[in-house]
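Q: This structure is in structure tokens; I'll ask about it shortly.
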Amino acid sequence: MTLDPQRQALSAAAQWVARLAEVPGDRQLQQDWNTWREESPLNQWAWQRVEMLQGQLQCLPGSLAVNVLDKAADHSRHLGRRGLLKGLVIGAGVSAMGWTGYRQAPIWMADQRTTTGERHTVTLEDGTRLSLNTASAVDVRYGPDQRLMILRAGEILIETAKDARPFMVRSAHGEMRALGTRFTVRQFDGYTAMSVLQHAVAVRPGDELAETVITTGNAVTFDTSRLLTLRAIEPGEGEWAAGRLVVDNWRLDRLLEELQRYRPGYLGCAAEVGHLRVSGAYSLDDLDLTLTALTRALPVRRISRTDYWTQIVARG
């Protein structure tokens, strides 16, 4: 396998990242993507490299994701396979830092991280329990005067331990100060969402000086300039840490969009069934079982063309 074909395959994979991000849920596009991926082992190899960057690329606009891989391939043109993979790291880190003032390293260099479909819980040195959801990454920075979590990608659940040092969480959009707390933080493209399950958290968007205290049972979203929304938390928020997705009267298309986070490829539904309402607790560890439960509870059936392409359509 020579480097030039590798570089071409990576460039094509980057283009697919951009196209899939810009037109989510397009059935024909998903089919074309799957056809391209199955055309050759080289294409599959390139797409696997993209999946290594998945958590980071989820935080980037599609067009910028193209630049990440293209720059990486250019950097590694004369360095062979190891150089190529090193270039992926460099390209991702440089592009991400150029996109926003949030100074982040590639997620695979984070202190704690998970891949797509993986969850992980760790007890830190002070007794704090940190849970990472699918495709998530966080750096842990403990010092004599402060305990700091830097969320690089994805979603975390924190149960803080008693300690004289302040406990802070920093996302791309601001900071959160725990006030003896159990809470979740999820980083989206353009904003951060935080839900307080116990006690309270003080939120400070971007470079603002003022904090807003969010109390038990409430959730907030914010960007780098202001608070965006404040609402009551939904039943079952944070249950993902126990391997369950708990939903109450969700639309089917919303449920599948959430489940999509836990598996590579495409998972969606036809437009005519997207409005169907769903309630219940669904396994995140066995998505096939979850999809089977949906087809039994609703007038729908499942179409799977490959392990990476599944759609729910009307039964009959």
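Residues in the structure tokens are numbered from 1 in each chain, the chains being A, B, ... in the order shown, and ligands are numbered from 1 in the order shown.
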Determine, counting only C-alpha atoms, which protein, DNA and RNA residues have an atom within 7 Å of an atom of Leu284 in chain A; residues of the same chain fewer than 3 positions away are not included. Present the result as a PyMOL selection string.

A: chain A and resi 243-245+287

Q: Output the selection as a PDB file, in the first residue's frame - N, CA and C atoms for each residue.

A:
```pdb
ATOM      1  N   GLY A 243     -26.238   2.548  31.561  1.00  0.00           N
ATOM      2  CA  GLY A 243     -26.494   1.761  30.362  1.00  0.00           C
ATOM      3  C   GLY A 243     -27.926   1.814  29.879  1.00  0.00           C
ATOM      4  N   ARG A 244     -28.685   2.819  30.312  1.00  0.00           N
ATOM      5  CA  ARG A 244     -30.081   2.936  29.914  1.00  0.00           C
ATOM      6  C   ARG A 244     -30.350   4.322  29.330  1.00  0.00           C
ATOM      7  N   LEU A 245     -31.159   4.352  28.283  1.00  0.00           N
ATOM      8  CA  LEU A 245     -31.689   5.604  27.756  1.00  0.00           C
ATOM      9  C   LEU A 245     -33.169   5.640  28.115  1.00  0.00           C
ATOM     10  N   LEU A 287     -27.972  -2.511  21.286  1.00  0.00           N
ATOM     11  CA  LEU A 287     -28.842  -1.703  20.443  1.00  0.00           C
ATOM     12  C   LEU A 287     -29.713  -2.562  19.538  1.00  0.00           C
TER      13      LEU A 287
END
```

Q: Please list as a ChimeraX atom specification every residue within 6 Å of range 117-123 of chain A, counting only C-alpha atoms and excluding residues in the same chain fewer than 5 positions away.

A: /A:128-134,262-263

Q: Keeping N, CA, C and O atoms, export the residues of the selection given above as a tab-separated table (two decimals), in the first residue's frame.

A:
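Result file follows (again-v5.tsv):
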```tsv
chain	number	residue	atom	x	y	z
A	128	THR	N	-14.04	11.76	43.80
A	128	THR	CA	-15.03	12.15	42.79
A	128	THR	C	-15.20	11.04	41.77
A	128	THR	O	-14.22	10.44	41.33
A	129	ARG	N	-16.46	10.77	41.39
A	129	ARG	CA	-16.75	9.76	40.36
A	129	ARG	C	-17.02	10.47	39.04
A	129	ARG	O	-17.88	11.37	38.96
A	130	LEU	N	-16.28	10.09	38.03
A	130	LEU	CA	-16.39	10.68	36.70
A	130	LEU	C	-16.83	9.60	35.72
A	130	LEU	O	-16.16	8.58	35.57
A	131	SER	N	-17.97	9.82	35.05
A	131	SER	CA	-18.47	8.89	34.04
A	131	SER	C	-18.42	9.57	32.68
A	131	SER	O	-18.85	10.72	32.55
A	132	LEU	N	-17.91	8.86	31.68
A	132	LEU	CA	-17.85	9.37	30.31
A	132	LEU	C	-18.85	8.62	29.45
A	132	LEU	O	-18.89	7.39	29.49
A	133	ASN	N	-19.62	9.34	28.69
A	133	ASN	CA	-20.55	8.75	27.75
A	133	ASN	C	-19.81	8.39	26.46
A	133	ASN	O	-18.59	8.57	26.35
A	134	THR	N	-20.54	7.92	25.47
A	134	THR	CA	-19.96	7.52	24.20
A	134	THR	C	-19.17	8.66	23.54
A	134	THR	O	-19.56	9.83	23.62
A	262	TYR	N	-24.35	5.99	19.65
A	262	TYR	CA	-23.74	4.81	20.24
A	262	TYR	C	-23.34	3.75	19.21
A	262	TYR	O	-22.93	2.65	19.59
A	263	ARG	N	-23.45	4.07	17.93
A	263	ARG	CA	-23.01	3.11	16.92
A	263	ARG	C	-22.52	3.86	15.70
A	263	ARG	O	-23.06	4.91	15.34
```

Q: For Ala219 in chain A, which residue among A:Trp45, A:Trp240, A:Trp36, A:Phe183 is the nearest when counting only C-alpha atoms?

A: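 Using only C-alpha atoms, the shortest distance to Ala219 in chain A belongs to A:Phe183.
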
Q: If we count only C-alpha atoms, what is near Thr229 in chain A at a cut-off of 12 Å, once residues fewer than 3 positions away on the same chain are taken out, given as number ranges by chain?

A: A: 191-195, 214, 218-223, 226, 232-233

Q: Just the number, please: distance in Å from CA of Lys162 in chain A to CA of Gly143 in chain A, one decimal.

A: 15.2 Å
